[in-house]
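Shown here: coords_29.cif, mmCIF, C-alpha atoms.
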```
data_target
loop_
_atom_site.label_atom_id
_atom_site.label_comp_id
_atom_site.auth_asym_id
_atom_site.auth_seq_id
_atom_site.Cartn_x
_atom_site.Cartn_y
_atom_site.Cartn_z
CA MET A 1 -13.26 -9.50 11.40
CA ILE A 2 -12.02 -12.24 13.71
CA GLY A 3 -8.80 -10.38 14.45
CA LYS A 4 -10.47 -7.20 15.62
CA MET A 5 -13.36 -8.90 17.37
CA SER A 6 -11.10 -11.20 19.34
CA GLY A 7 -9.22 -8.18 20.65
CA GLN A 8 -6.02 -9.15 18.86
CA GLU A 9 -3.69 -6.15 18.79
CA VAL A 10 -1.31 -5.55 15.94
CA TYR A 11 1.85 -3.45 16.04
CA VAL A 12 4.12 -2.70 13.11
CA LEU A 13 7.91 -2.71 13.41
CA ARG A 14 9.58 -0.63 10.72
CA LEU A 15 13.23 -1.65 10.46
CA GLY A 16 16.19 0.48 9.47
CA HIS A 17 14.55 3.86 8.97
CA ARG A 18 16.89 6.32 7.25
CA ARG A 19 15.99 9.89 8.14
CA GLU A 20 16.48 11.49 4.75
CA ARG A 21 15.94 8.66 2.32
CA ASP A 22 12.89 7.09 3.99
CA LYS A 23 11.12 10.10 5.46
CA ARG A 24 8.16 9.86 3.13
CA VAL A 25 7.87 6.10 2.75
CA THR A 26 8.12 5.48 6.51
CA MET A 27 5.33 8.02 7.02
CA HIS A 28 3.27 6.10 4.45
CA VAL A 29 3.92 2.90 6.43
CA PHE A 30 2.73 4.61 9.61
CA LEU A 31 -0.39 6.16 8.05
CA THR A 32 -1.26 2.79 6.55
CA ALA A 33 -0.84 1.06 9.90
CA ARG A 34 -3.14 3.59 11.58
CA ALA A 35 -5.78 3.65 8.83
CA LEU A 36 -5.91 -0.15 8.76
CA SER A 37 -6.43 -0.80 12.46
CA ALA A 38 -2.93 -1.42 13.80
CA SER A 39 -2.56 -0.16 17.38
CA GLY A 40 0.82 1.46 16.85
CA VAL A 41 4.23 1.42 15.25
CA ILE A 42 7.76 0.89 16.49
CA TYR A 43 10.70 1.91 14.36
CA SER A 44 14.45 1.34 14.42
CA GLY A 45 17.31 2.88 12.45
CA ASP A 46 17.65 6.66 12.63
CA LYS A 47 15.74 8.39 15.40
CA ASP A 48 13.55 10.93 13.64
CA ASP A 49 11.82 13.53 15.80
CA ASP A 50 10.20 15.23 12.83
CA LEU A 51 8.60 11.96 11.72
CA GLU A 52 7.26 11.33 15.20
CA LYS A 53 5.82 14.83 15.35
CA ARG A 54 4.07 14.34 12.04
CA VAL A 55 2.49 11.11 13.27
CA GLN A 56 1.44 12.75 16.53
CA ALA A 57 -0.08 15.65 14.59
CA VAL A 58 -2.20 13.18 12.60
CA VAL A 59 -3.35 11.51 15.81
CA GLY A 60 -4.05 14.91 17.40
CA ASN A 61 -6.23 16.01 14.50
CA TRP A 62 -7.79 12.79 13.27
CA GLY A 63 -7.94 10.79 16.48
CA GLY A 64 -6.45 7.70 18.01
CA PRO A 65 -5.34 5.83 19.92
CA PHE A 66 -2.17 5.16 17.91
CA GLU A 67 1.32 4.92 19.35
CA VAL A 68 4.67 5.66 17.75
CA THR A 69 7.82 4.46 19.52
CA TYR A 70 11.50 4.47 18.64
CA GLU A 71 13.66 1.49 19.64
CA GLU A 72 17.33 1.45 18.75
CA ASN A 73 17.59 -2.27 19.51
CA TRP A 74 15.20 -4.10 17.19
CA LYS A 75 16.49 -7.47 18.41
CA LYS A 76 15.16 -6.74 21.86
CA VAL A 77 11.78 -5.72 20.42
CA VAL A 78 11.50 -9.00 18.54
CA ASP A 79 12.77 -11.13 21.46
CA ASP A 80 10.37 -9.49 23.89
CA TRP A 81 7.47 -9.87 21.48
CA LYS A 82 8.11 -13.56 20.97
CA LYS A 83 7.52 -14.15 24.68
CA LYS A 84 3.94 -12.97 24.40
CA GLY A 85 2.88 -12.93 20.77
CA VAL A 86 3.47 -13.82 17.15
CA VAL A 87 5.99 -12.24 14.79
CA CYS A 88 5.22 -11.99 11.05
CA HIS A 89 7.88 -10.65 8.71
CA LEU A 90 6.66 -9.39 5.34
CA THR A 91 9.16 -10.27 2.62
CA MET A 92 9.01 -11.05 -1.09
CA TYR A 93 11.12 -14.16 -0.34
CA GLY A 94 8.54 -15.70 1.99
CA VAL A 95 5.56 -17.99 1.67
CA ASN A 96 2.57 -16.50 -0.12
CA ILE A 97 0.06 -15.03 2.31
CA ASP A 98 -2.77 -17.13 0.93
CA ASP A 99 -0.77 -20.27 1.81
CA CYS A 100 0.08 -19.37 5.39
CA LEU A 101 -2.22 -16.74 6.91
CA HIS A 102 -4.53 -19.45 8.26
CA MET A 103 -1.64 -20.66 10.43
CA VAL A 104 -1.18 -17.31 12.17
CA SER A 105 -2.79 -17.33 15.62
CA ARG A 106 -5.81 -15.08 16.13
CA ASN A 107 -5.50 -15.26 19.89
CA LYS A 108 -2.12 -13.61 20.39
CA ASP A 109 -0.97 -10.08 19.68
CA LEU A 110 0.92 -9.68 16.46
CA LEU A 111 4.10 -7.87 15.48
CA VAL A 112 4.35 -7.22 11.74
CA ILE A 113 7.88 -6.44 10.56
CA VAL A 114 8.50 -4.41 7.42
CA GLY A 115 12.01 -3.62 6.27
CA SER A 116 13.43 -0.67 4.42
CA GLN A 117 17.10 -1.20 3.59
CA LYS A 118 18.48 -4.76 3.46
CA VAL A 119 16.86 -6.83 6.19
CA PRO A 120 19.26 -8.64 8.57
CA ARG A 121 19.30 -12.41 8.21
CA GLU A 122 18.32 -12.89 11.85
CA ILE A 123 14.88 -11.50 11.08
CA PHE A 124 14.19 -14.39 8.72
CA GLN A 125 15.23 -16.79 11.50
CA GLN A 126 13.50 -15.04 14.37
CA ALA A 127 10.14 -14.43 12.70
CA ASP A 128 7.46 -17.03 13.26
CA PHE A 129 6.31 -16.47 9.69
CA ASN A 130 8.05 -14.98 6.65
CA ILE A 131 5.12 -13.91 4.53
CA ALA A 132 5.15 -12.81 0.89
CA ILE A 133 2.45 -10.56 -0.51
CA GLY A 134 3.42 -11.94 -3.87
CA ASN A 135 7.00 -12.85 -4.76
CA GLN A 136 7.60 -9.81 -6.95
CA PRO A 137 9.41 -6.53 -6.27
CA HIS A 138 6.90 -4.66 -4.24
CA SER A 139 6.25 -1.81 -1.88
CA GLU A 140 6.31 -2.47 1.84
CA VAL A 141 3.45 0.02 2.14
CA ALA A 142 1.28 -2.01 -0.23
CA ALA A 143 2.37 -5.28 1.39
CA LEU A 144 1.41 -3.99 4.83
CA ALA A 145 -1.96 -2.77 3.55
CA LEU A 146 -2.84 -6.12 2.00
CA PHE A 147 -1.56 -8.05 5.01
CA LEU A 148 -3.71 -6.06 7.44
CA ASP A 149 -6.74 -6.22 5.17
CA ARG A 150 -6.44 -10.01 4.85
CA LEU A 151 -5.73 -10.42 8.56
CA PHE A 152 -8.85 -8.44 9.44
CA GLN A 153 -10.80 -10.24 6.71
CA GLY A 154 -11.57 -7.22 4.57
CA LYS A 155 -12.55 -5.10 7.57
CA ALA A 156 -9.23 -3.41 8.28
CA ILE A 157 -10.30 0.06 7.17
CA LYS A 158 -10.91 1.84 10.44
CA GLU A 159 -13.36 4.72 10.75
CA GLY A 160 -13.96 5.11 14.44
CA PHE A 161 -11.13 7.10 16.00
CA LYS A 162 -11.43 8.73 19.40
CA ASP A 163 -10.94 12.43 20.07
CA ALA A 164 -10.88 13.41 16.39
CA LYS A 165 -10.89 17.15 15.70
CA ILE A 166 -11.36 16.63 11.96
CA LYS A 167 -13.53 14.19 10.09
CA ILE A 168 -14.52 13.76 6.48
CA ALA A 169 -18.07 13.41 5.25
CA PRO A 170 -17.82 11.15 2.16
CA GLN A 171 -18.91 12.88 -1.06
CA GLU A 172 -19.46 11.75 -4.62
CA ARG A 173 -17.80 14.99 -5.79
CA GLY A 174 -15.70 17.50 -3.92
CA LYS A 175 -14.55 17.72 -0.34
CA LYS A 176 -16.47 18.04 2.90
CA VAL A 177 -14.53 18.34 6.13
CA ILE A 178 -16.19 18.57 9.54
CA PHE A 179 -14.33 20.37 12.32
CA GLN A 180 -14.89 19.86 16.02
CA ASN A 181 -17.14 22.51 17.55
CA ASN A 182 -16.66 24.17 20.92
CA GLU A 183 -18.52 21.41 22.72
CA GLY A 184 -16.03 18.92 21.36
CA ASN A 185 -18.55 17.23 19.09
CA LEU A 186 -17.90 16.65 15.46
CA MET B 1 -11.41 -12.48 -10.43
CA ILE B 2 -14.13 -11.09 -12.68
CA GLY B 3 -11.99 -8.14 -13.66
CA LYS B 4 -9.04 -10.18 -14.85
CA MET B 5 -11.11 -12.95 -16.39
CA SER B 6 -13.22 -10.52 -18.39
CA GLY B 7 -10.06 -9.07 -19.90
CA GLN B 8 -10.59 -5.72 -18.20
CA GLU B 9 -7.37 -3.75 -18.33
CA VAL B 10 -6.39 -1.33 -15.61
CA TYR B 11 -3.95 1.56 -15.94
CA VAL B 12 -2.84 3.86 -13.15
CA LEU B 13 -2.45 7.61 -13.64
CA ARG B 14 -0.07 9.14 -11.11
CA LEU B 15 -0.68 12.89 -10.97
CA GLY B 16 1.80 15.64 -10.20
CA HIS B 17 5.01 13.66 -9.78
CA ARG B 18 7.79 15.78 -8.28
CA ARG B 19 11.19 14.43 -9.28
CA GLU B 20 12.98 14.89 -5.99
CA ARG B 21 10.24 14.77 -3.43
CA ASP B 22 8.26 11.85 -4.87
CA LYS B 23 10.98 9.71 -6.39
CA ARG B 24 10.53 6.88 -3.91
CA VAL B 25 6.78 7.03 -3.36
CA THR B 26 6.02 7.19 -7.09
CA MET B 27 8.23 4.12 -7.57
CA HIS B 28 6.20 2.40 -4.84
CA VAL B 29 3.02 3.32 -6.71
CA PHE B 30 4.43 1.81 -9.91
CA LEU B 31 5.70 -1.39 -8.27
CA THR B 32 2.34 -1.83 -6.59
CA ALA B 33 0.51 -1.35 -9.88
CA ARG B 34 2.69 -3.99 -11.55
CA ALA B 35 2.59 -6.50 -8.69
CA LEU B 36 -1.19 -6.20 -8.46
CA SER B 37 -2.07 -6.80 -12.10
CA ALA B 38 -2.35 -3.32 -13.59
CA SER B 39 -1.22 -3.23 -17.22
CA GLY B 40 0.75 -0.04 -16.93
CA VAL B 41 1.17 3.41 -15.49
CA ILE B 42 0.97 6.92 -16.85
CA TYR B 43 2.40 9.83 -14.90
CA SER B 44 2.25 13.60 -15.11
CA GLY B 45 4.17 16.34 -13.35
CA ASP B 46 7.95 16.27 -13.69
CA LYS B 47 9.34 14.08 -16.44
CA ASP B 48 11.71 11.67 -14.69
CA ASP B 49 14.01 9.58 -16.87
CA ASP B 50 15.64 7.90 -13.89
CA LEU B 51 12.28 6.74 -12.58
CA GLU B 52 11.34 5.33 -15.97
CA LYS B 53 14.68 3.50 -16.20
CA ARG B 54 14.13 1.95 -12.79
CA VAL B 55 10.70 0.68 -13.81
CA GLN B 56 12.06 -0.66 -17.08
CA ALA B 57 14.86 -2.42 -15.19
CA VAL B 58 12.28 -4.18 -13.01
CA VAL B 59 10.33 -5.26 -16.10
CA GLY B 60 13.56 -6.39 -17.79
CA ASN B 61 14.56 -8.57 -14.85
CA TRP B 62 11.24 -9.70 -13.43
CA GLY B 63 9.09 -9.76 -16.54
CA GLY B 64 6.12 -8.00 -18.01
CA PRO B 65 4.30 -6.76 -19.88
CA PHE B 66 4.07 -3.47 -18.00
CA GLU B 67 4.15 -0.03 -19.57
CA VAL B 68 5.30 3.28 -18.15
CA THR B 69 4.37 6.46 -20.03
CA TYR B 70 4.82 10.15 -19.32
CA GLU B 71 2.06 12.60 -20.28
CA GLU B 72 2.44 16.27 -19.57
CA ASN B 73 -1.24 16.91 -20.19
CA TRP B 74 -3.20 14.84 -17.70
CA LYS B 75 -6.48 16.45 -18.81
CA LYS B 76 -6.06 14.92 -22.23
CA VAL B 77 -5.34 11.51 -20.69
CA VAL B 78 -8.54 11.66 -18.66
CA ASP B 79 -10.64 13.04 -21.54
CA ASP B 80 -9.39 10.37 -23.93
CA TRP B 81 -9.97 7.63 -21.39
CA LYS B 82 -13.55 8.69 -20.76
CA LYS B 83 -14.36 8.03 -24.41
CA LYS B 84 -13.58 4.34 -24.01
CA GLY B 85 -13.50 3.44 -20.35
CA VAL B 86 -14.13 4.28 -16.72
CA VAL B 87 -12.18 6.70 -14.54
CA CYS B 88 -11.83 6.07 -10.78
CA HIS B 89 -10.10 8.65 -8.61
CA LEU B 90 -8.83 7.44 -5.25
CA THR B 91 -9.31 10.12 -2.60
CA MET B 92 -9.94 10.22 1.12
CA TYR B 93 -12.82 12.63 0.40
CA GLY B 94 -14.73 10.13 -1.73
CA VAL B 95 -17.33 7.44 -1.18
CA ASN B 96 -16.09 4.38 0.68
CA ILE B 97 -15.01 1.63 -1.69
CA ASP B 98 -17.35 -0.89 -0.10
CA ASP B 99 -20.28 1.40 -0.94
CA CYS B 100 -19.45 2.01 -4.59
CA LEU B 101 -17.17 -0.64 -6.12
CA HIS B 102 -20.16 -2.68 -7.24
CA MET B 103 -21.18 0.24 -9.50
CA VAL B 104 -17.87 0.25 -11.39
CA SER B 105 -18.24 -1.48 -14.76
CA ARG B 106 -16.33 -4.74 -15.24
CA ASN B 107 -16.67 -4.58 -19.00
CA LYS B 108 -14.69 -1.44 -19.70
CA ASP B 109 -11.01 -0.66 -19.20
CA LEU B 110 -10.27 1.31 -16.08
CA LEU B 111 -8.09 4.31 -15.31
CA VAL B 112 -7.24 4.64 -11.62
CA ILE B 113 -6.02 8.11 -10.63
CA VAL B 114 -3.79 8.63 -7.60
CA GLY B 115 -2.57 12.07 -6.66
CA SER B 116 0.58 13.24 -4.98
CA GLN B 117 0.49 16.96 -4.32
CA LYS B 118 -2.87 18.74 -4.09
CA VAL B 119 -5.23 17.25 -6.66
CA PRO B 120 -6.88 19.74 -9.08
CA ARG B 121 -10.61 20.21 -8.57
CA GLU B 122 -11.35 19.14 -12.15
CA ILE B 123 -10.31 15.59 -11.27
CA PHE B 124 -13.15 15.33 -8.76
CA GLN B 125 -15.54 16.52 -11.49
CA GLN B 126 -14.13 14.49 -14.34
CA ALA B 127 -13.81 11.15 -12.54
CA ASP B 128 -16.71 8.75 -12.88
CA PHE B 129 -16.11 7.69 -9.28
CA ASN B 130 -14.31 9.38 -6.39
CA ILE B 131 -13.47 6.43 -4.18
CA ALA B 132 -12.18 6.49 -0.61
CA ILE B 133 -10.19 3.62 0.83
CA GLY B 134 -11.30 4.86 4.21
CA ASN B 135 -11.77 8.56 4.97
CA GLN B 136 -8.59 8.90 6.99
CA PRO B 137 -5.17 10.33 6.09
CA HIS B 138 -3.69 7.55 4.11
CA SER B 139 -1.04 6.48 1.66
CA GLU B 140 -1.85 6.47 -2.04
CA VAL B 141 0.30 3.34 -2.29
CA ALA B 142 -1.85 1.50 0.25
CA ALA B 143 -5.04 2.88 -1.28
CA LEU B 144 -4.03 1.64 -4.73
CA ALA B 145 -3.12 -1.78 -3.34
CA LEU B 146 -6.47 -2.22 -1.62
CA PHE B 147 -8.39 -0.87 -4.59
CA LEU B 148 -6.76 -3.32 -7.02
CA ASP B 149 -7.15 -6.21 -4.60
CA ARG B 150 -10.85 -5.50 -4.14
CA LEU B 151 -11.37 -4.90 -7.87
CA PHE B 152 -9.77 -8.26 -8.67
CA GLN B 153 -11.66 -9.88 -5.81
CA GLY B 154 -8.64 -10.88 -3.75
CA LYS B 155 -6.76 -12.22 -6.78
CA ALA B 156 -4.76 -9.14 -7.71
CA ILE B 157 -1.39 -10.54 -6.68
CA LYS B 158 0.15 -11.48 -10.00
CA GLU B 159 2.76 -14.22 -10.31
CA GLY B 160 2.87 -15.02 -13.99
CA PHE B 161 5.10 -12.50 -15.75
CA LYS B 162 6.52 -13.13 -19.20
CA ASP B 163 10.24 -13.08 -20.04
CA ALA B 164 11.39 -12.97 -16.41
CA LYS B 165 15.12 -13.38 -15.87
CA ILE B 166 14.72 -13.63 -12.11
CA LYS B 167 12.15 -15.45 -10.05
CA ILE B 168 11.78 -16.23 -6.36
CA ALA B 169 11.10 -19.66 -4.94
CA PRO B 170 9.04 -19.02 -1.79
CA GLN B 171 10.78 -20.16 1.41
CA GLU B 172 9.75 -20.43 5.02
CA ARG B 173 13.20 -19.08 5.99
CA GLY B 174 15.86 -17.37 3.93
CA LYS B 175 16.03 -16.40 0.28
CA LYS B 176 16.00 -18.48 -2.86
CA VAL B 177 16.36 -16.73 -6.19
CA ILE B 178 16.25 -18.54 -9.53
CA PHE B 179 18.10 -16.99 -12.46
CA GLN B 180 17.38 -17.67 -16.10
CA ASN B 181 19.73 -20.28 -17.60
CA ASN B 182 21.29 -20.14 -21.04
CA GLU B 183 18.28 -21.78 -22.61
CA GLY B 184 16.14 -18.96 -21.32
CA ASN B 185 14.28 -21.14 -18.85
CA LEU B 186 13.93 -20.26 -15.23
#
```
Transcribe the structure of this file into structure tokens.
Amino acid sequence: MIGKMSGQEVYVLRLGHRRERDKRVTMHVFLTARALSASGVIYSGDKDDDLEKRVQAVVGNWGGPFEVTYEENWKKVVDDWKKKGVVCHLTMYGVNIDDCLHMVSRNKDLLVIVGSQKVPREIFQQADFNIAIGNQPHSEVAALALFLDRLFQGKAIKEGFKDAKIKIAPQERGKKVIFQNNEGNL
Amino acid sequence: MIGKMSGQEVYVLRLGHRRERDKRVTMHVFLTARALSASGVIYSGDKDDDLEKRVQAVVGNWGGPFEVTYEENWKKVVDDWKKKGVVCHLTMYGVNIDDCLHMVSRNKDLLVIVGSQKVPREIFQQADFNIAIGNQPHSEVAALALFLDRLFQGKAIKEGFKDAKIKIAPQERGKKVIFQNNEGNL
């Protein structure tokens, strides 16, 4: 839990979102980022108001904080980030996570880049680390999940969200959902 | 690596596939299953020949073995499996993985169920374990990835596929792909 304990913040940059084609998978990327302790997501490609609303609805019901931001110019996002933090690009062409994660600083904030359509070559050059979660055809959702879980040393799964209106009580069978009462308590 | 070393085989049952709506996310589920050492996938819902062809193309190029099977009757799949193995259903309503994975047998083959649309109540009853990868809105792709990685004790990422025509040589920057030569070697 070094990452979380040291106060290291992680943001996810989703490249090249395509409104129609990627609407579900990008949402999966965002839900994964939130559930696994990232502080927020930035996306480029098509601006997608519906996607943003869906993320904000999740945060409104299930708690936060968790930011979603659109940036048309991903180069600027990466350049700005490099001035203050570390940039990790998840790609099947990179170095296996188990061979390089120990080199990633735990003291600086982290930008994790996941692509959708073909990733521009500059990303491979600009990233501090090109990291493979296995060198096989993969899902960026799965890659992000494993990256965050390894980064946070098996403690990425986040349970404590602020201002949640809905919460689940774990059950061996069936579903139990707890709704906020009038006093604002769960 | 107990799971893999003991010869335990894992199959993934994807419930309720909808041809148009789920075509990308179901493919992500299947790629994740393959990349993380599952032996194959079974899916119910809409029969989807294009999806099956895409999986078979991945296996043809990148190696196997990895099976994809359609079953209209998911109840029969689950019933048959329970006669010989263990059934784990991944759901945000379940018991957190860290509180129950130790109870899952390592000596029997495993069926991991992931839903898409609303999961029928019988699944919660029929499954031996209803397992939550966190009790937050999540992605079934990410949940499957973390489940397999925990099951295989951090060794789920599979590199050794048979009969691969394409392979990646990990690089710090850029892409290096190795194609099979005429002798069939990579």
### Task
For chain B, report every residue with an atom at most 6 Å from chain A (counting all atoms listed in the file), formatted as an MDAnalysis selection string.
chainID B and resid 28 31:32 93:95 124 130 134 138:139 141:142 145 157 170:175
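For the pair atom CA of Val10 of chain A and atom CA of Thr69 of chain A, the separation is 14.0 Å.
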### Query
Which value, in Å to one decimal, gives the distance between atom CA of Leu51 of chain B and atom CA of Pro120 of chain A?
27.1 Å
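Put simply, atom CA of Asp109 of chain B is 9.8 Å away from atom CA of Lys82 of chain B.
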### Message
When the PyMOL selection byres ((chain B and resi 111) around 6) is applied to the structure above, which residues does it catch, written out as a PyMOL selection string?
### Response
chain B and resi 10-12+87+110+112
Write out, as a PDB file, in the coordinates of the input, the residues just selected, with C-alpha atoms.
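That gives us again15.pdb:
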```pdb
ATOM      1  CA  VAL B  10      -6.390  -1.330 -15.610  1.00  0.00           C
ATOM      2  CA  TYR B  11      -3.950   1.560 -15.940  1.00  0.00           C
ATOM      3  CA  VAL B  12      -2.840   3.860 -13.150  1.00  0.00           C
ATOM      4  CA  VAL B  87     -12.180   6.700 -14.540  1.00  0.00           C
ATOM      5  CA  LEU B 110     -10.270   1.310 -16.080  1.00  0.00           C
ATOM      6  CA  VAL B 112      -7.240   4.640 -11.620  1.00  0.00           C
TER       7      VAL B 112
END
```
### Task
Can you give me, as a list in words, the residues this file yields under the PyMOL selection byres ((chain A and resi 116) around 6)?
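After applying the PyMOL selection byres ((chain A and resi 116) around 6), what remains is Gly16, Gly115 and Gln117 of chain A.
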Selection file, C-alpha atoms, as a JSON list (two decimals), in the coordinates of the input:
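Dumped to out16.json:
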```
[["chain", "number", "residue", "atom", "x", "y", "z"],
["A", 16, "GLY", "CA", 16.19, 0.48, 9.47],
["A", 115, "GLY", "CA", 12.01, -3.62, 6.27],
["A", 117, "GLN", "CA", 17.10, -1.20, 3.59]]
```
### Message
Evaluated on this file, the PyMOL selection byres ((chain B and resi 114) around 6) picks out some residues - which ones are they, written as a list in words?
### Response
Arg14, Leu90, Ile113 and Gly115 of chain B
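Neighbours of Asn73 of chain A closer than or equal to 9 Å, with all atoms listed in the file counted and sequence neighbours fewer than 2 positions away skipped, come out as Ser44, Gly45, Glu71, Lys75, Lys76 and Val77 of chain A.
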### Query
Smallest atom-to-atom distance to Phe147 of chain A: which of A:Asp80, A:Pro65, A:Ser37, A:Val55, using all atoms listed in the file?
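Checking each candidate against Phe147 of chain A, we get A:Ser37 as the closest.
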### Query
Could you pull the residues within 10 Å of Tyr70 of chain A, counting only C-alpha atoms, minus those fewer than 3 positions along the same chain, as a PyMOL selection string?
chain A and resi 13-14+41-49+52+73-74
Could you turn the residues from that selection into a file that holds C-alpha atoms, as a CSV table (one decimal), in the coordinates of the input?
```
chain,number,residue,atom,x,y,z
A,13,LEU,CA,7.9,-2.7,13.4
A,14,ARG,CA,9.6,-0.6,10.7
A,41,VAL,CA,4.2,1.4,15.2
A,42,ILE,CA,7.8,0.9,16.5
A,43,TYR,CA,10.7,1.9,14.4
A,44,SER,CA,14.4,1.3,14.4
A,45,GLY,CA,17.3,2.9,12.4
A,46,ASP,CA,17.6,6.7,12.6
A,47,LYS,CA,15.7,8.4,15.4
A,48,ASP,CA,13.6,10.9,13.6
A,49,ASP,CA,11.8,13.5,15.8
A,52,GLU,CA,7.3,11.3,15.2
A,73,ASN,CA,17.6,-2.3,19.5
A,74,TRP,CA,15.2,-4.1,17.2
```
Reconstruct N, CA and C atoms of segment 147-164 of chain B; output as a PDB file, in the frame of the given file.
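Done, and the output landed in part-v8.pdb:
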```pdb
ATOM      1  N   PHE B 147      -7.441  -1.014  -3.482  1.00  0.00           N
ATOM      2  CA  PHE B 147      -8.390  -0.870  -4.590  1.00  0.00           C
ATOM      3  C   PHE B 147      -8.229  -2.017  -5.594  1.00  0.00           C
ATOM      4  N   LEU B 148      -6.987  -2.269  -6.012  1.00  0.00           N
ATOM      5  CA  LEU B 148      -6.760  -3.320  -7.020  1.00  0.00           C
ATOM      6  C   LEU B 148      -7.143  -4.693  -6.466  1.00  0.00           C
ATOM      7  N   ASP B 149      -6.823  -4.911  -5.191  1.00  0.00           N
ATOM      8  CA  ASP B 149      -7.150  -6.210  -4.600  1.00  0.00           C
ATOM      9  C   ASP B 149      -8.659  -6.429  -4.528  1.00  0.00           C
ATOM     10  N   ARG B 150      -9.389  -5.378  -4.191  1.00  0.00           N
ATOM     11  CA  ARG B 150     -10.850  -5.500  -4.140  1.00  0.00           C
ATOM     12  C   ARG B 150     -11.418  -5.638  -5.562  1.00  0.00           C
ATOM     13  N   LEU B 151     -10.887  -4.834  -6.477  1.00  0.00           N
ATOM     14  CA  LEU B 151     -11.370  -4.900  -7.870  1.00  0.00           C
ATOM     15  C   LEU B 151     -11.206  -6.303  -8.420  1.00  0.00           C
ATOM     16  N   PHE B 152     -10.053  -6.909  -8.155  1.00  0.00           N
ATOM     17  CA  PHE B 152      -9.770  -8.260  -8.670  1.00  0.00           C
ATOM     18  C   PHE B 152     -10.178  -9.334  -7.664  1.00  0.00           C
ATOM     19  N   GLN B 153     -11.021  -8.952  -6.748  1.00  0.00           N
ATOM     20  CA  GLN B 153     -11.660  -9.880  -5.810  1.00  0.00           C
ATOM     21  C   GLN B 153     -10.652 -10.781  -5.091  1.00  0.00           C
ATOM     22  N   GLY B 154      -9.616 -10.141  -4.545  1.00  0.00           N
ATOM     23  CA  GLY B 154      -8.640 -10.880  -3.750  1.00  0.00           C
ATOM     24  C   GLY B 154      -7.627 -11.657  -4.575  1.00  0.00           C
ATOM     25  N   LYS B 155      -7.682 -11.477  -5.902  1.00  0.00           N
ATOM     26  CA  LYS B 155      -6.760 -12.220  -6.780  1.00  0.00           C
ATOM     27  C   LYS B 155      -5.835 -11.279  -7.538  1.00  0.00           C
ATOM     28  N   ALA B 156      -5.578 -10.112  -6.980  1.00  0.00           N
ATOM     29  CA  ALA B 156      -4.760  -9.140  -7.710  1.00  0.00           C
ATOM     30  C   ALA B 156      -3.285  -9.514  -7.752  1.00  0.00           C
ATOM     31  N   ILE B 157      -2.822 -10.238  -6.737  1.00  0.00           N
ATOM     32  CA  ILE B 157      -1.390 -10.540  -6.680  1.00  0.00           C
ATOM     33  C   ILE B 157      -1.001 -11.402  -7.883  1.00  0.00           C
ATOM     34  N   LYS B 158      -0.157 -10.841  -8.720  1.00  0.00           N
ATOM     35  CA  LYS B 158       0.150 -11.480 -10.000  1.00  0.00           C
ATOM     36  C   LYS B 158       1.487 -12.228  -9.906  1.00  0.00           C
ATOM     37  N   GLU B 159       1.513 -13.455 -10.348  1.00  0.00           N
ATOM     38  CA  GLU B 159       2.760 -14.220 -10.310  1.00  0.00           C
ATOM     39  C   GLU B 159       3.298 -14.525 -11.702  1.00  0.00           C
ATOM     40  N   GLY B 160       2.426 -14.574 -12.678  1.00  0.00           N
ATOM     41  CA  GLY B 160       2.870 -15.020 -13.990  1.00  0.00           C
ATOM     42  C   GLY B 160       3.297 -13.886 -14.898  1.00  0.00           C
ATOM     43  N   PHE B 161       4.578 -13.530 -14.853  1.00  0.00           N
ATOM     44  CA  PHE B 161       5.100 -12.500 -15.750  1.00  0.00           C
ATOM     45  C   PHE B 161       5.901 -13.154 -16.868  1.00  0.00           C
ATOM     46  N   LYS B 162       5.800 -12.578 -18.054  1.00  0.00           N
ATOM     47  CA  LYS B 162       6.520 -13.130 -19.200  1.00  0.00           C
ATOM     48  C   LYS B 162       7.962 -12.621 -19.252  1.00  0.00           C
ATOM     49  N   ASP B 163       8.845 -13.468 -19.786  1.00  0.00           N
ATOM     50  CA  ASP B 163      10.240 -13.080 -20.040  1.00  0.00           C
ATOM     51  C   ASP B 163      10.977 -12.654 -18.773  1.00  0.00           C
ATOM     52  N   ALA B 164      10.671 -13.291 -17.658  1.00  0.00           N
ATOM     53  CA  ALA B 164      11.390 -12.970 -16.410  1.00  0.00           C
ATOM     54  C   ALA B 164      12.773 -13.607 -16.431  1.00  0.00           C
TER      55      ALA B 164
END
```
